[in-house]
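These notes are about the structure you will find just below.
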Amino acid sequence: MWAIAQMELKKNIHDKGIWFWTFILPILFIIVFVAVFSGQEGVEYAETVTQIIPGYTVMFTFFIMISILITFIKDRERGMVARIASTPISVSSYFLGKWIPFMIIVLLQIAVLFLFGVLVYDLPLGDPTALIVMSLFQAFLATSWGLAMAVLVKTENMGIALTQIIALGGALLGGLWMPIEIMPDIMQTICKFIPQYWGLEGYKEIILHDGGVLDIWQPLAILLVGGAIGVLIAITGYQRYLRLAKS
């Protein structure tokens with residue numbers, strides 16, 4: 001397991017694409033949208049910063065799904081999966097070895113984006129323990145959905161399209177692009193069924209109200225359930241993934 005994790009982490013470090021999706025593009029989005037919305041009349045600067053930075057952080061954590069599914073599809077097409085399946089390595093060890101590096105990358109992504117917010121926009125962070133726990137659960141959700149997607153899709157293009165639907169559609173419906181309060185009533189009801197909404201709500205509770213771990217129990221519970229569903233889909237879909245693997 002640890003050999004797989006080490007190899008995967010080294011490979012991702014040298015992947016320029018993952019650096020773009022994970023760090024460069026989110027920072028560009030934050031800069032542009034803070035500039036746009038902070039210039040609007042009647043919108044407070046602090047309100048803009050505390051909405052946009054956590055919101056886009058949550059949104060871009062889901063783009064890790066692209067890197068996860070590309071990795072799994074390449075392993076499947078190059079015969080790596082078939083070779084691993086013939087060894088004593090268990091399914092759980094294989095998944096953990098592939099999953100741990102992506103968890104590290106997402107946690108690093110969250111840390112970098114929030115640090116950028118602190119240094120450039122004076123973003124308050126609130127309780128550090130609650131922030132770390134919230135980030136762990138958010139990373140677990142995004143990466144587990146990536147694992148589920150990786151074993152289900154047949155092609156990279158299909159996976160990338162579905163990832164963008166999940167990331168961008170969830171951001172729109174979950175209120176990551178604009179405050180929930182200005183959305184229509186029906187949208188305010190729908191958003192409560194979107195995991196991205198609860199990710200943002202957890203961060204806002206910590207940042208705006210100095211909430212602790214106990215104050216964000218509901219977002220944490222929802223992210224945990226969503227992540228567990230992703231893991232369950234990934235494990236149950238592994239046999240199908242093996243059948244598609246080239247020997």
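Going through the structure tokens in order, the chains are called A, B, and so on, while each chain numbers its residues from 1 and the ligands are numbered from 1 in the order shown.
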Alpha helix (DSSP H) call set, DSSP backbone run, segment 64-226 of chain A, as a ChimeraX atom specification: /A:64-77,80-85,91-121,128-152,156-164,170-173,185-190,195-209,217-226
Residues near Ala171 of chain A, cut-off 10 Å, only C-alpha atoms, skip fewer than 3 positions along chain, as a list in words: Gly55, Tyr56, Val58, Met59, Phe60, Phe62, Ile165, Ile166, Ala167, Leu168, Gly174, Gly175, Leu176, Trp177, Met178, Cys191, Ile194, Pro195, Gln196, Tyr197 and Leu200 of chain A
Selection near Val32 of chain A, 12 Å with only C-alpha atoms, sequence-local residues under 5 positions removed, as a VMD selection string: chain A and resid 25 to 27 37 to 39 48 to 49 52 to 53 56
Of the listed residues A:Arg83, A:Gly202, A:Thr236, A:Leu9, that which approaches Ile132 of chain A most closely, counting only C-alpha atoms: A:Gly202
Residue neighbourhood segment 148-159 of chain A, 9 Å, only C-alpha atoms, exclusion window fewer than 3 positions, as JSON, numbers by chain: {"A": [65, 66, 68, 69, 70, 71, 72, 73, 143, 144, 145, 162, 163, 164, 229, 230, 231, 232, 233, 234, 235, 237, 238, 239, 240, 241, 242, 244]}
Just the selected residues (N, CA, C and O atoms), exported as an mmCIF file, in the first residue's frame, please.
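Result went into again.cif, see below:
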data_model
loop_
_atom_site.group_PDB
_atom_site.id
_atom_site.type_symbol
_atom_site.label_atom_id
_atom_site.label_comp_id
_atom_site.auth_asym_id
_atom_site.auth_seq_id
_atom_site.Cartn_x
_atom_site.Cartn_y
_atom_site.Cartn_z
ATOM 1 N N MET A 65 -11.036 15.144 -8.815
ATOM 2 C CA MET A 65 -11.643 13.958 -9.413
ATOM 3 C C MET A 65 -11.089 13.694 -10.809
ATOM 4 O O MET A 65 -10.973 12.539 -11.232
ATOM 5 N N ILE A 66 -10.750 14.752 -11.540
ATOM 6 C CA ILE A 66 -10.192 14.579 -12.885
ATOM 7 C C ILE A 66 -8.873 13.822 -12.816
ATOM 8 O O ILE A 66 -8.647 12.858 -13.561
ATOM 9 N N ILE A 68 -7.808 11.897 -10.408
ATOM 10 C CA ILE A 68 -8.020 10.545 -9.901
ATOM 11 C C ILE A 68 -8.484 9.613 -11.011
ATOM 12 O O ILE A 68 -7.942 8.516 -11.198
ATOM 13 N N LEU A 69 -9.483 10.050 -11.776
ATOM 14 C CA LEU A 69 -10.020 9.149 -12.802
ATOM 15 C C LEU A 69 -9.008 8.931 -13.928
ATOM 16 O O LEU A 69 -8.933 7.835 -14.496
ATOM 17 N N ILE A 70 -8.223 9.964 -14.274
ATOM 18 C CA ILE A 70 -7.195 9.784 -15.305
ATOM 19 C C ILE A 70 -6.166 8.755 -14.846
ATOM 20 O O ILE A 70 -5.740 7.882 -15.621
ATOM 21 N N THR A 71 -5.767 8.828 -13.588
ATOM 22 C CA THR A 71 -4.810 7.871 -13.041
ATOM 23 C C THR A 71 -5.348 6.454 -13.100
ATOM 24 O O THR A 71 -4.660 5.516 -13.537
ATOM 25 N N PHE A 72 -6.589 6.264 -12.689
ATOM 26 C CA PHE A 72 -7.184 4.922 -12.669
ATOM 27 C C PHE A 72 -7.376 4.389 -14.091
ATOM 28 O O PHE A 72 -7.154 3.200 -14.347
ATOM 29 N N ILE A 73 -7.812 5.248 -14.999
ATOM 30 C CA ILE A 73 -8.032 4.798 -16.373
ATOM 31 C C ILE A 73 -6.710 4.417 -17.037
ATOM 32 O O ILE A 73 -6.615 3.427 -17.756
ATOM 33 N N THR A 143 -12.317 13.299 -2.681
ATOM 34 C CA THR A 143 -11.488 12.206 -3.193
ATOM 35 C C THR A 143 -12.264 10.900 -3.282
ATOM 36 O O THR A 143 -12.032 10.104 -4.202
ATOM 37 N N SER A 144 -13.175 10.664 -2.356
ATOM 38 C CA SER A 144 -13.964 9.424 -2.423
ATOM 39 C C SER A 144 -14.889 9.434 -3.628
ATOM 40 O O SER A 144 -15.097 8.396 -4.273
ATOM 41 N N TRP A 145 -15.443 10.599 -3.958
ATOM 42 C CA TRP A 145 -16.245 10.700 -5.171
ATOM 43 C C TRP A 145 -15.376 10.492 -6.407
ATOM 44 O O TRP A 145 -15.831 9.940 -7.404
ATOM 45 N N LEU A 162 -18.418 14.526 -16.542
ATOM 46 C CA LEU A 162 -19.201 14.317 -15.325
ATOM 47 C C LEU A 162 -18.610 15.078 -14.141
ATOM 48 O O LEU A 162 -19.344 15.617 -13.307
ATOM 49 N N THR A 163 -17.281 15.145 -14.082
ATOM 50 C CA THR A 163 -16.631 15.899 -13.009
ATOM 51 C C THR A 163 -17.001 17.369 -13.073
ATOM 52 O O THR A 163 -17.285 18.009 -12.051
ATOM 53 N N GLN A 164 -17.007 17.934 -14.263
ATOM 54 C CA GLN A 164 -17.360 19.347 -14.412
ATOM 55 C C GLN A 164 -18.821 19.592 -14.051
ATOM 56 O O GLN A 164 -19.153 20.630 -13.474
ATOM 57 N N ILE A 229 -20.498 7.034 1.025
ATOM 58 C CA ILE A 229 -21.214 6.539 -0.153
ATOM 59 C C ILE A 229 -20.253 6.402 -1.335
ATOM 60 O O ILE A 229 -20.291 5.425 -2.087
ATOM 61 N N GLY A 230 -19.381 7.393 -1.503
ATOM 62 C CA GLY A 230 -18.385 7.327 -2.567
ATOM 63 C C GLY A 230 -17.464 6.126 -2.416
ATOM 64 O O GLY A 230 -17.176 5.419 -3.393
ATOM 65 N N VAL A 231 -16.992 5.864 -1.194
ATOM 66 C CA VAL A 231 -16.117 4.721 -0.938
ATOM 67 C C VAL A 231 -16.851 3.417 -1.224
ATOM 68 O O VAL A 231 -16.294 2.482 -1.835
ATOM 69 N N LEU A 232 -18.112 3.329 -0.802
ATOM 70 C CA LEU A 232 -18.908 2.116 -1.026
ATOM 71 C C LEU A 232 -19.079 1.842 -2.521
ATOM 72 O O LEU A 232 -18.942 0.702 -2.980
ATOM 73 N N ILE A 233 -19.358 2.898 -3.283
ATOM 74 C CA ILE A 233 -19.507 2.746 -4.744
ATOM 75 C C ILE A 233 -18.187 2.281 -5.357
ATOM 76 O O ILE A 233 -18.162 1.408 -6.232
ATOM 77 N N ALA A 234 -17.086 2.863 -4.894
ATOM 78 C CA ALA A 234 -15.774 2.499 -5.433
ATOM 79 C C ALA A 234 -15.449 1.035 -5.168
ATOM 80 O O ALA A 234 -14.969 0.319 -6.056
ATOM 81 N N ILE A 235 -15.729 0.568 -3.962
ATOM 82 C CA ILE A 235 -15.419 -0.825 -3.605
ATOM 83 C C ILE A 235 -16.311 -1.794 -4.372
ATOM 84 O O ILE A 235 -15.837 -2.803 -4.912
ATOM 85 N N GLY A 237 -17.793 -1.256 -7.157
ATOM 86 C CA GLY A 237 -17.563 -1.158 -8.594
ATOM 87 C C GLY A 237 -16.201 -1.661 -9.032
ATOM 88 O O GLY A 237 -15.894 -1.652 -10.234
ATOM 89 N N TYR A 238 -15.399 -2.140 -8.090
ATOM 90 C CA TYR A 238 -14.041 -2.572 -8.416
ATOM 91 C C TYR A 238 -14.021 -3.773 -9.356
ATOM 92 O O TYR A 238 -13.176 -3.856 -10.253
ATOM 93 N N GLN A 239 -14.951 -4.706 -9.161
ATOM 94 C CA GLN A 239 -14.980 -5.887 -10.028
ATOM 95 C C GLN A 239 -15.283 -5.501 -11.473
ATOM 96 O O GLN A 239 -14.709 -6.062 -12.415
ATOM 97 N N ARG A 240 -16.177 -4.551 -11.661
ATOM 98 C CA ARG A 240 -16.462 -4.061 -13.014
ATOM 99 C C ARG A 240 -15.223 -3.392 -13.595
ATOM 100 O O ARG A 240 -14.909 -3.546 -14.782
ATOM 101 N N TYR A 241 -14.525 -2.648 -12.756
ATOM 102 C CA TYR A 241 -13.292 -1.986 -13.165
ATOM 103 C C TYR A 241 -12.255 -3.014 -13.614
ATOM 104 O O TYR A 241 -11.565 -2.831 -14.625
ATOM 105 N N LEU A 242 -12.170 -4.135 -12.899
ATOM 106 C CA LEU A 242 -11.246 -5.193 -13.270
ATOM 107 C C LEU A 242 -11.610 -5.839 -14.599
ATOM 108 O O LEU A 242 -10.744 -6.179 -15.402
ATOM 109 N N LEU A 244 -12.906 -4.444 -17.097
ATOM 110 C CA LEU A 244 -12.548 -3.550 -18.189
ATOM 111 C C LEU A 244 -11.040 -3.433 -18.380
ATOM 112 O O LEU A 244 -10.579 -2.891 -19.385
#
